[in-house]
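Asks: Quick one, start_25.cif (mmCIF, C-alpha atoms):
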```
data_model
loop_
_atom_site.group_PDB
_atom_site.id
_atom_site.type_symbol
_atom_site.label_atom_id
_atom_site.label_comp_id
_atom_site.auth_asym_id
_atom_site.auth_seq_id
_atom_site.Cartn_x
_atom_site.Cartn_y
_atom_site.Cartn_z
ATOM 1 C CA MET R 19 0.000 0.000 0.000
ATOM 2 C CA THR R 20 1.296 3.429 -0.930
ATOM 3 C CA HIS R 21 1.356 5.886 1.927
ATOM 4 C CA THR R 22 0.673 9.512 1.091
ATOM 5 C CA ARG R 23 -0.602 12.635 2.782
ATOM 6 C CA SER R 24 -4.119 11.379 2.115
ATOM 7 C CA ASN R 25 -3.229 7.957 3.534
ATOM 8 C CA PRO R 26 -0.528 8.477 6.189
ATOM 9 C CA ARG R 27 0.848 5.806 8.466
ATOM 10 C CA PHE R 28 0.892 8.157 11.428
ATOM 11 C CA ARG R 29 -1.079 11.239 12.428
ATOM 12 C CA GLY R 30 -2.394 12.949 15.547
ATOM 13 C CA ILE R 31 -0.462 13.830 18.679
ATOM 14 C CA PHE R 32 3.000 12.331 19.260
ATOM 15 C CA PRO R 33 4.360 14.138 22.337
ATOM 16 C CA VAL R 34 8.004 14.148 23.375
ATOM 17 C CA VAL R 35 8.798 11.879 26.327
ATOM 18 C CA PRO R 36 10.900 13.624 28.986
ATOM 19 C CA THR R 37 13.918 11.791 30.373
ATOM 20 C CA THR R 38 13.517 11.196 34.104
ATOM 21 C CA PHE R 39 16.475 11.596 36.459
ATOM 22 C CA ASN R 40 16.767 11.255 40.210
ATOM 23 C CA GLU R 41 18.043 14.146 42.329
ATOM 24 C CA ALA R 42 21.619 12.945 41.797
ATOM 25 C CA GLY R 43 21.236 13.164 38.020
ATOM 26 C CA GLU R 44 21.098 9.420 37.323
ATOM 27 C CA LEU R 45 18.475 7.785 35.116
ATOM 28 C CA ASP R 46 15.304 6.808 37.002
ATOM 29 C CA LEU R 47 13.920 3.992 34.873
ATOM 30 C CA GLU R 48 10.956 3.218 37.124
ATOM 31 C CA SER R 49 9.760 6.806 36.829
ATOM 32 C CA GLN R 50 10.481 6.577 33.096
ATOM 33 C CA LYS R 51 8.113 3.631 32.746
ATOM 34 C CA ARG R 52 5.388 5.394 34.717
ATOM 35 C CA CYS R 53 5.873 8.432 32.504
ATOM 36 C CA LEU R 54 5.334 6.280 29.410
ATOM 37 C CA ASP R 55 2.211 4.685 30.892
ATOM 38 C CA PHE R 56 0.759 8.083 31.766
ATOM 39 C CA MET R 57 1.443 9.478 28.305
ATOM 40 C CA ILE R 58 -0.325 6.560 26.688
ATOM 41 C CA ASP R 59 -3.252 6.709 29.126
ATOM 42 C CA THR R 60 -3.806 10.402 28.486
ATOM 43 C CA GLY R 61 -4.427 9.975 24.764
ATOM 44 C CA SER R 62 -1.159 9.961 22.849
ATOM 45 C CA ASP R 63 -1.399 8.556 19.334
ATOM 46 C CA GLY R 64 2.313 7.807 19.577
ATOM 47 C CA LEU R 65 5.441 8.954 21.412
ATOM 48 C CA CYS R 66 8.822 10.440 20.586
ATOM 49 C CA ILE R 67 11.900 9.723 22.691
ATOM 50 C CA LEU R 68 15.386 11.267 22.879
ATOM 51 C CA ALA R 69 14.342 14.597 21.374
ATOM 52 C CA ASN R 70 15.697 17.951 22.528
ATOM 53 C CA PHE R 71 12.782 18.178 24.964
ATOM 54 C CA SER R 72 14.054 14.829 26.310
ATOM 55 C CA GLU R 73 17.372 16.494 27.209
ATOM 56 C CA GLN R 74 19.062 14.250 24.640
ATOM 57 C CA PHE R 75 22.083 16.567 24.538
ATOM 58 C CA LEU R 76 22.796 15.640 28.178
ATOM 59 C CA LEU R 77 22.840 11.875 27.603
ATOM 60 C CA SER R 78 25.702 9.500 26.902
ATOM 61 C CA ASP R 79 25.534 7.019 24.013
ATOM 62 C CA GLU R 80 25.178 4.172 26.525
ATOM 63 C CA GLU R 81 22.241 5.922 28.201
ATOM 64 C CA ARG R 82 20.575 6.468 24.832
ATOM 65 C CA GLU R 83 20.714 2.718 24.250
ATOM 66 C CA VAL R 84 19.252 1.989 27.688
ATOM 67 C CA LEU R 85 16.447 4.506 27.229
ATOM 68 C CA THR R 86 15.588 3.308 23.729
ATOM 69 C CA ARG R 87 15.399 -0.312 24.802
ATOM 70 C CA THR R 88 13.516 0.506 28.006
ATOM 71 C CA ALA R 89 10.935 2.627 26.202
ATOM 72 C CA LEU R 90 10.322 0.259 23.310
ATOM 73 C CA GLU R 91 10.113 -2.825 25.509
ATOM 74 C CA HIS R 92 7.816 -1.141 28.026
ATOM 75 C CA VAL R 93 5.509 0.413 25.429
ATOM 76 C CA ALA R 94 5.418 -3.019 23.771
ATOM 77 C CA GLY R 95 3.541 -1.869 20.689
ATOM 78 C CA ARG R 96 0.721 -0.068 22.514
ATOM 79 C CA VAL R 97 1.493 3.009 20.414
ATOM 80 C CA PRO R 98 4.159 3.693 17.761
ATOM 81 C CA VAL R 99 7.401 5.215 19.042
ATOM 82 C CA ILE R 100 9.587 7.671 17.147
ATOM 83 C CA VAL R 101 13.257 7.588 18.162
ATOM 84 C CA THR R 102 15.393 10.681 17.642
ATOM 85 C CA THR R 103 18.745 9.635 16.185
ATOM 86 C CA THR R 104 20.276 12.991 15.265
ATOM 87 C CA HIS R 105 24.059 13.138 14.840
ATOM 88 C CA PHE R 106 26.374 15.211 12.647
ATOM 89 C CA SER R 107 28.021 12.110 11.212
ATOM 90 C CA THR R 108 26.089 10.276 8.492
ATOM 91 C CA LYS R 109 27.686 7.003 9.607
ATOM 92 C CA VAL R 110 26.816 7.446 13.276
ATOM 93 C CA CYS R 111 23.272 8.616 12.515
ATOM 94 C CA ALA R 112 22.699 5.627 10.228
ATOM 95 C CA GLU R 113 24.031 3.222 12.868
ATOM 96 C CA ARG R 114 21.838 4.773 15.558
ATOM 97 C CA SER R 115 18.843 4.571 13.251
ATOM 98 C CA ARG R 116 19.431 0.920 12.359
ATOM 99 C CA ARG R 117 19.654 0.010 16.049
ATOM 100 C CA ALA R 118 16.457 1.905 16.778
ATOM 101 C CA GLN R 119 14.710 0.120 13.902
ATOM 102 C CA ASP R 120 15.942 -3.259 15.117
ATOM 103 C CA MET R 121 14.566 -2.527 18.597
ATOM 104 C CA GLY R 122 11.138 -1.669 17.197
ATOM 105 C CA ALA R 123 11.070 2.046 16.408
ATOM 106 C CA ALA R 124 8.235 3.077 14.093
ATOM 107 C CA MET R 125 10.145 6.080 12.743
ATOM 108 C CA VAL R 126 13.317 8.060 13.337
ATOM 109 C CA MET R 127 13.461 11.831 13.709
ATOM 110 C CA VAL R 128 16.652 13.512 12.534
ATOM 111 C CA MET R 129 17.856 17.104 12.421
ATOM 112 C CA PRO R 130 20.194 18.134 9.580
ATOM 113 C CA PRO R 131 23.922 17.944 10.355
ATOM 114 C CA TYR R 132 25.025 20.765 12.628
ATOM 115 C CA HIS R 133 27.331 21.442 15.538
ATOM 116 C CA GLY R 134 27.123 24.594 17.592
ATOM 117 C CA ALA R 135 26.190 27.872 15.970
ATOM 118 C CA THR R 136 28.371 27.725 12.857
ATOM 119 C CA PHE R 137 29.352 24.157 11.915
ATOM 120 C CA ARG R 138 26.944 23.250 9.113
ATOM 121 C CA VAL R 139 27.151 21.633 5.688
ATOM 122 C CA PRO R 140 25.954 22.781 2.226
ATOM 123 C CA GLU R 141 22.532 21.879 0.883
ATOM 124 C CA ALA R 142 23.914 19.136 -1.379
ATOM 125 C CA LYS R 143 25.479 17.411 1.642
ATOM 126 C CA VAL R 144 22.217 17.668 3.551
ATOM 127 C CA GLU R 145 20.518 15.802 0.695
ATOM 128 C CA GLU R 146 23.251 13.170 0.663
ATOM 129 C CA PHE R 147 22.992 12.789 4.424
ATOM 130 C CA TYR R 148 19.282 11.979 4.324
ATOM 131 C CA ALA R 149 19.615 9.809 1.195
ATOM 132 C CA ARG R 150 22.284 7.634 2.833
ATOM 133 C CA LEU R 151 20.231 7.439 6.003
ATOM 134 C CA SER R 152 17.246 6.251 3.973
ATOM 135 C CA ASP R 153 19.389 3.596 2.309
ATOM 136 C CA ALA R 154 20.380 2.271 5.748
ATOM 137 C CA ILE R 155 16.869 1.686 7.136
ATOM 138 C CA GLY R 156 13.368 0.662 6.112
ATOM 139 C CA ILE R 157 11.218 2.864 8.343
ATOM 140 C CA PRO R 158 10.068 6.459 7.800
ATOM 141 C CA ILE R 159 12.348 9.407 8.488
ATOM 142 C CA MET R 160 11.059 12.651 9.952
ATOM 143 C CA VAL R 161 13.093 15.772 9.236
ATOM 144 C CA GLN R 162 13.166 18.021 12.291
ATOM 145 C CA ASP R 163 13.293 21.531 10.884
ATOM 146 C CA ALA R 164 14.129 23.431 14.050
ATOM 147 C CA PRO R 165 15.911 26.699 14.792
ATOM 148 C CA ALA R 166 18.374 24.870 17.059
ATOM 149 C CA ALA R 167 20.141 23.432 14.019
ATOM 150 C CA GLY R 168 20.737 26.828 12.456
ATOM 151 C CA THR R 169 20.555 25.056 9.081
ATOM 152 C CA PRO R 170 18.288 26.652 6.471
ATOM 153 C CA LEU R 171 15.988 24.056 4.943
ATOM 154 C CA SER R 172 13.853 25.616 2.240
ATOM 155 C CA ALA R 173 10.423 24.226 1.434
ATOM 156 C CA ALA R 174 11.748 23.464 -2.052
ATOM 157 C CA LEU R 175 14.606 21.374 -0.629
ATOM 158 C CA LEU R 176 12.309 19.470 1.718
ATOM 159 C CA ALA R 177 9.787 18.790 -1.030
ATOM 160 C CA ARG R 178 12.504 17.610 -3.413
ATOM 161 C CA MET R 179 13.908 15.225 -0.798
ATOM 162 C CA ALA R 180 10.423 13.845 -0.092
ATOM 163 C CA GLN R 181 9.934 13.125 -3.772
ATOM 164 C CA GLN R 182 13.389 11.624 -4.344
ATOM 165 C CA ILE R 183 14.372 9.887 -1.090
ATOM 166 C CA GLU R 184 12.418 6.721 -0.436
ATOM 167 C CA ASN R 185 11.873 6.802 3.319
ATOM 168 C CA LEU R 186 11.841 10.562 3.836
ATOM 169 C CA ALA R 187 8.177 11.357 4.354
ATOM 170 C CA TYR R 188 7.558 13.313 7.571
ATOM 171 C CA PHE R 189 8.443 16.892 8.466
ATOM 172 C CA LYS R 190 8.263 18.579 11.864
ATOM 173 C CA ILE R 191 8.251 22.288 11.092
ATOM 174 C CA GLU R 192 9.283 24.492 14.023
ATOM 175 C CA THR R 193 10.799 27.494 12.304
ATOM 176 C CA ALA R 194 9.315 30.990 12.277
ATOM 177 C CA GLY R 195 6.307 31.231 9.972
ATOM 178 C CA ALA R 196 5.635 27.514 10.327
ATOM 179 C CA ALA R 197 2.152 27.654 8.788
ATOM 180 C CA SER R 198 3.408 29.399 5.658
ATOM 181 C CA LYS R 199 6.213 26.879 5.303
ATOM 182 C CA LEU R 200 3.856 23.935 5.787
ATOM 183 C CA ARG R 201 1.525 25.344 3.141
ATOM 184 C CA GLU R 202 4.383 25.808 0.670
ATOM 185 C CA LEU R 203 5.829 22.387 1.471
ATOM 186 C CA ILE R 204 2.493 20.729 0.718
ATOM 187 C CA ARG R 205 2.058 22.770 -2.465
ATOM 188 C CA LEU R 206 5.473 21.776 -3.796
ATOM 189 C CA GLY R 207 5.621 18.193 -2.538
ATOM 190 C CA GLY R 208 2.014 17.116 -2.922
ATOM 191 C CA GLU R 209 1.206 13.626 -1.743
ATOM 192 C CA ALA R 210 4.910 12.859 -1.142
ATOM 193 C CA ILE R 211 4.609 14.955 2.022
ATOM 194 C CA GLU R 212 3.042 12.097 3.966
ATOM 195 C CA GLY R 213 3.333 13.822 7.319
ATOM 196 C CA PRO R 214 3.398 17.618 7.525
ATOM 197 C CA TRP R 215 3.600 18.121 11.298
ATOM 198 C CA ASP R 216 3.458 20.924 13.815
ATOM 199 C CA GLY R 217 5.899 21.325 16.726
ATOM 200 C CA GLU R 218 6.959 23.995 19.230
ATOM 201 C CA GLU R 219 4.685 22.755 22.052
ATOM 202 C CA ALA R 220 1.601 23.517 19.894
ATOM 203 C CA ILE R 221 2.074 27.274 20.244
ATOM 204 C CA THR R 222 1.152 27.633 16.535
ATOM 205 C CA LEU R 223 -1.155 24.608 16.389
ATOM 206 C CA MET R 224 -4.323 26.211 15.006
ATOM 207 C CA SER R 225 -2.574 28.046 12.183
ATOM 208 C CA ASP R 226 -0.543 24.930 11.394
ATOM 209 C CA LEU R 227 -3.651 22.742 11.270
ATOM 210 C CA ASP R 228 -5.290 25.306 8.988
ATOM 211 C CA ALA R 229 -2.201 25.062 6.765
ATOM 212 C CA GLY R 230 -2.550 21.282 6.446
ATOM 213 C CA ALA R 231 -0.618 19.796 9.374
ATOM 214 C CA THR R 232 -1.810 16.264 10.139
ATOM 215 C CA GLY R 233 0.281 15.666 13.260
ATOM 216 C CA SER R 234 1.713 17.565 16.193
ATOM 217 C CA MET R 235 4.736 16.855 18.366
ATOM 218 C CA THR R 236 4.113 18.639 21.636
ATOM 219 C CA GLY R 237 5.420 18.547 25.174
ATOM 220 C CA GLY R 238 4.356 15.533 27.208
ATOM 221 C CA GLY R 239 2.247 17.022 29.988
ATOM 222 C CA TYR R 240 -1.331 17.448 28.811
ATOM 223 C CA MET R 241 -2.261 15.513 25.702
ATOM 224 C CA ASP R 242 -5.832 15.358 27.037
ATOM 225 C CA GLY R 243 -6.020 19.091 26.314
ATOM 226 C CA ILE R 244 -4.383 19.121 22.894
ATOM 227 C CA ARG R 245 -5.690 15.938 21.279
ATOM 228 C CA PRO R 246 -9.322 17.194 21.196
ATOM 229 C CA ILE R 247 -8.167 20.270 19.243
ATOM 230 C CA ILE R 248 -6.620 18.077 16.565
ATOM 231 C CA GLU R 249 -9.597 15.726 16.449
ATOM 232 C CA ALA R 250 -12.172 18.519 16.162
ATOM 233 C CA HIS R 251 -10.178 20.191 13.400
ATOM 234 C CA ARG R 252 -9.818 16.891 11.535
ATOM 235 C CA ALA R 253 -13.585 16.378 11.775
ATOM 236 C CA GLY R 254 -14.154 19.767 10.156
ATOM 237 C CA ASP R 255 -15.387 21.533 13.272
ATOM 238 C CA ARG R 256 -12.978 24.455 13.309
ATOM 239 C CA GLU R 257 -15.069 26.468 15.752
ATOM 240 C CA LYS R 258 -14.911 23.678 18.330
ATOM 241 C CA ALA R 259 -11.175 23.264 17.757
ATOM 242 C CA TYR R 260 -10.643 26.991 18.211
ATOM 243 C CA ALA R 261 -12.687 27.081 21.420
ATOM 244 C CA ILE R 262 -10.643 24.251 22.941
ATOM 245 C CA TYR R 263 -7.420 25.885 21.788
ATOM 246 C CA GLU R 264 -8.431 29.158 23.448
ATOM 247 C CA LYS R 265 -9.032 27.287 26.698
ATOM 248 C CA TRP R 266 -5.631 25.576 26.759
ATOM 249 C CA LEU R 267 -3.552 28.343 25.177
ATOM 250 C CA PRO R 268 -2.453 29.926 28.501
ATOM 251 C CA LEU R 269 -0.814 26.630 29.521
ATOM 252 C CA ILE R 270 0.639 26.055 26.057
ATOM 253 C CA ASN R 271 2.060 29.579 26.124
ATOM 254 C CA TYR R 272 3.486 29.157 29.633
ATOM 255 C CA GLU R 273 5.287 25.978 28.620
ATOM 256 C CA ASN R 274 6.609 27.420 25.374
ATOM 257 C CA ARG R 275 7.658 30.838 26.657
ATOM 258 C CA GLN R 276 8.432 30.360 30.361
ATOM 259 C CA ALA R 277 9.030 26.804 31.541
ATOM 260 C CA GLY R 278 10.437 25.041 28.479
ATOM 261 C CA PHE R 279 11.264 21.349 28.522
ATOM 262 C CA LEU R 280 11.044 21.135 32.305
ATOM 263 C CA ALA R 281 7.297 21.874 32.206
ATOM 264 C CA ALA R 282 6.215 18.287 31.556
ATOM 265 C CA LYS R 283 8.389 16.882 34.343
ATOM 266 C CA THR R 284 7.176 19.508 36.810
ATOM 267 C CA LEU R 285 3.548 18.668 36.028
ATOM 268 C CA MET R 286 4.304 14.940 36.246
ATOM 269 C CA LYS R 287 6.018 15.261 39.609
ATOM 270 C CA GLU R 288 3.159 17.362 40.988
ATOM 271 C CA GLY R 289 0.696 14.670 39.905
ATOM 272 C CA GLY R 290 2.700 11.751 41.297
ATOM 273 C CA VAL R 291 3.665 10.330 37.902
ATOM 274 C CA ILE R 292 7.423 10.609 38.496
ATOM 275 C CA LYS R 293 9.591 11.040 41.587
ATOM 276 C CA SER R 294 11.768 13.968 40.548
ATOM 277 C CA ASP R 295 11.543 16.810 38.038
ATOM 278 C CA ALA R 296 15.266 17.573 38.254
ATOM 279 C CA PRO R 297 17.147 18.362 35.051
ATOM 280 C CA ARG R 298 20.681 17.105 34.559
ATOM 281 C CA HIS R 299 23.543 19.445 35.396
ATOM 282 C CA PRO R 300 24.509 21.961 34.084
ATOM 283 C CA TRP R 301 20.945 22.799 33.054
ATOM 284 C CA PRO R 302 19.400 24.950 35.813
ATOM 285 C CA SER R 303 16.344 23.869 37.755
ATOM 286 C CA MET R 304 13.135 25.759 37.185
ATOM 287 C CA HIS R 305 12.859 28.919 39.282
ATOM 288 C CA PRO R 306 10.368 28.437 42.144
ATOM 289 C CA ASP R 307 8.258 31.368 40.931
ATOM 290 C CA THR R 308 8.129 29.947 37.403
ATOM 291 C CA ARG R 309 7.129 26.583 38.836
ATOM 292 C CA ALA R 310 4.372 28.176 40.898
ATOM 293 C CA GLY R 311 3.105 30.066 37.864
ATOM 294 C CA LEU R 312 3.047 26.926 35.735
ATOM 295 C CA LEU R 313 1.085 24.986 38.337
ATOM 296 C CA GLU R 314 -1.343 27.862 38.867
ATOM 297 C CA VAL R 315 -2.179 27.943 35.162
ATOM 298 C CA ALA R 316 -2.400 24.136 34.969
ATOM 299 C CA LYS R 317 -4.669 23.762 37.995
ATOM 300 C CA ARG R 318 -7.247 26.032 36.378
ATOM 301 C CA LEU R 319 -7.557 23.400 33.622
ATOM 302 C CA ASP R 320 -7.372 20.258 35.808
ATOM 303 C CA PRO R 321 -5.330 18.157 33.348
ATOM 304 C CA LEU R 322 -5.053 14.430 33.969
ATOM 305 C CA VAL R 323 -1.339 14.796 34.715
ATOM 306 C CA LEU R 324 -2.168 16.415 38.083
ATOM 307 C CA ARG R 325 -4.397 13.486 39.075
ATOM 308 C CA TRP R 326 -2.991 10.396 37.345
ATOM 309 C CA GLY R 327 -0.556 9.302 40.046
ATOM 310 C CA ARG R 328 -2.612 10.269 43.086
#
```
I need this file expressed as structure tokens, please.
Replies:
Amino acid sequence: MTHTRSNPRFRGIFPVVPTTFNEAGELDLESQKRCLDFMIDTGSDGLCILANFSEQFLLSDEEREVLTRTALEHVAGRVPVIVTTTHFSTKVCAERSRRAQDMGAAMVMVMPPYHGATFRVPEAKVEEFYARLSDAIGIPIMVQDAPAAGTPLSAALLARMAQQIENLAYFKIETAGAASKLRELIRLGGEAIEGPWDGEEAITLMSDLDAGATGSMTGGGYMDGIRPIIEAHRAGDREKAYAIYEKWLPLINYENRQAGFLAAKTLMKEGGVIKSDAPRHPWPSMHPDTRAGLLEVAKRLDPLVLRWGR
């Protein structure tokens, strides 16, 4: 069966799974498993592990292996799992991606090659990178088009790669003007753009859905608030989707603009899902006032995360 934008393999909400540490900064795998169970229970269509919102840049290669195996074995096919395998090296990225596929990943998410603010490669090398990655695996590849990479990826380039590279089919667009880029990507790539997706904690979700996004990769704290927006929009009830979005937008905004990737862990700790919301050094802990503000906004909405573990 041919998979296209009209007939995608995956759609809906695929939130990023936070990595759980104890207060000493070591992996807490029991909390990690509870986190996965909560995220499935609260309505995730799938999950993404080892993304930037998972603090992947603070993990060793050995820890990545442990987390990948732990997540895939514990989820055990309940929902599809996307594994982030980003690396500057084509060889290393391909090896990571093959291991993830062998362990049961449904898809890999990969940023273009970059290191720091200035180490990037030309467009032709970006194409070669993704083409060689596709040759190494048999599962879909999602391009993460995020400002963190500092690598310009034009809609024309993305569309061309979708049409020419076999397994390249999904695109998480997080750059400024995401809706306009999604619209242009779909116009240029047509049905080859199997998965035009939204990101950035759903801060631009409504405009991205209007532009044709079929999936969203959000933070992991309150899928019960965001999934109904996507479902109402998909059903053609834009007014209902907008009303739900208005309701949850203060929390979405607080996560995106104030709390960042620690938001999900803070909500999960407050609700008894995980034991600790500590980041790994040297990332600073959330300021107590920011934490209080996040919980104040969340409690007005009564998300499942604040009740699940109680």
Asks: For atom CA of R:Thr222 and atom CA of R:Phe32, quote the distance in Å rounded to one decimal.
Replies: 15.7 Å
Asks: Check what the PyMOL selection byres ((chain R and resi 138-151) around 7) selects in the file above and give those residues as a ChimeraX atom specification.
Replies: /R:108,112,130-133,136-137,152-155,169,179,183
Asks: Please produce a file of the residues just selected, as a PDB file, in the coordinates of the input, where the atoms kept are C-alpha atoms.
Replies:
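out.pdb was written with the following content:
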```pdb
ATOM      1  CA  THR R 108      26.089  10.276   8.492  1.00  0.00           C
ATOM      2  CA  ALA R 112      22.699   5.627  10.228  1.00  0.00           C
ATOM      3  CA  PRO R 130      20.194  18.134   9.580  1.00  0.00           C
ATOM      4  CA  PRO R 131      23.922  17.944  10.355  1.00  0.00           C
ATOM      5  CA  TYR R 132      25.025  20.765  12.628  1.00  0.00           C
ATOM      6  CA  HIS R 133      27.331  21.442  15.538  1.00  0.00           C
ATOM      7  CA  THR R 136      28.371  27.725  12.857  1.00  0.00           C
ATOM      8  CA  PHE R 137      29.352  24.157  11.915  1.00  0.00           C
ATOM      9  CA  SER R 152      17.246   6.251   3.973  1.00  0.00           C
ATOM     10  CA  ASP R 153      19.389   3.596   2.309  1.00  0.00           C
ATOM     11  CA  ALA R 154      20.380   2.271   5.748  1.00  0.00           C
ATOM     12  CA  ILE R 155      16.869   1.686   7.136  1.00  0.00           C
ATOM     13  CA  THR R 169      20.555  25.056   9.081  1.00  0.00           C
ATOM     14  CA  MET R 179      13.908  15.225  -0.798  1.00  0.00           C
ATOM     15  CA  ILE R 183      14.372   9.887  -1.090  1.00  0.00           C
TER      16      ILE R 183
END
```
Asks: When the PyMOL selection byres ((chain R and resi 92-96) around 10) is applied to the file above, which residues end up in the set, as a list in words?
Replies: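 Selected by the PyMOL selection byres ((chain R and resi 92-96) around 10) here: Gln50, Lys51, Arg52, Leu54, Asp55, Ile58, Asp63, Gly64, Leu65, Thr86, Arg87, Thr88, Ala89, Leu90, Glu91, Val97, Pro98, Val99, Gly122, Ala123 and Ala124 of chain R.
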Asks: For the file shown, what are the residues hit by the PyMOL selection byres ((chain R and resi 61) around 10), laid out as a compact mmCIF listing (two decimals) with C-alpha atoms, in the coordinates of the input?
Replies:
```txt
# COMPACT_ATOMS: atom_id res chain seq x y z
CA GLY R 30 -2.39 12.95 15.55
CA ILE R 31 -0.46 13.83 18.68
CA PHE R 32 3.00 12.33 19.26
CA PHE R 56 0.76 8.08 31.77
CA MET R 57 1.44 9.48 28.30
CA ILE R 58 -0.32 6.56 26.69
CA ASP R 59 -3.25 6.71 29.13
CA THR R 60 -3.81 10.40 28.49
CA SER R 62 -1.16 9.96 22.85
CA ASP R 63 -1.40 8.56 19.33
CA GLY R 64 2.31 7.81 19.58
CA TYR R 240 -1.33 17.45 28.81
CA MET R 241 -2.26 15.51 25.70
CA ASP R 242 -5.83 15.36 27.04
CA GLY R 243 -6.02 19.09 26.31
CA ILE R 244 -4.38 19.12 22.89
CA ARG R 245 -5.69 15.94 21.28
CA PRO R 246 -9.32 17.19 21.20
```
Asks: Could you check which of R:Leu223, R:Val291, R:Val110, R:Ala281 is closest to R:Arg309, using only C-alpha atoms?
Replies: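 Among the listed residues, the smallest separation from R:Arg309 belongs to R:Ala281.
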Asks: Padding 8 Å on every side, please: axis-aligned box over the listed atoms of stretch 282-291 of chain R, centre and edge lengths to one decimal in Å, as JSON.
Replies:
```
{"center_x": 4.5, "center_y": 14.9, "center_z": 36.4, "size_x": 23.7, "size_y": 25.2, "size_z": 25.7}
```
Asks: Take the point (14.5, 21.3, 2.5) as written in the file and pick out every residue within 12 Å of it, counting all atoms listed in the file; give the list as a PyMOL selection string.
Replies: chain R and resi 129-130+140-145+148+160-164+169-183+186-191+199-200+202-203+206-207+211
Asks: Atom CA of R:Lys258 and atom CA of R:Gly311 are how many Å apart?
Replies: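 Between these atoms lies a distance of 27.3 Å.
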Asks: Which one is closest to R:Pro297: R:Tyr272, R:Phe106, R:Phe279, R:Tyr263? Count all atoms listed in the file.
Replies: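 Nearest candidate to R:Pro297 out of R:Tyr272, R:Phe106, R:Phe279, R:Tyr263: R:Phe279.
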Asks: So how far away is atom CA of R:Ser234 from atom CA of R:Ala250, in Å?
Replies: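 About the pair atom CA of R:Ala250 and atom CA of R:Ser234: they are 13.9 Å apart.
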Asks: Name the residues in contact with R:Asp216 at a cut-off of 10 Å, using all atoms listed in the file, excluding same-chain residues fewer than 2 positions from it; report them as a VMD selection string.
Replies: chain R and resid 31 189 to 193 196 to 197 200 213 to 214 218 to 227 229 to 236
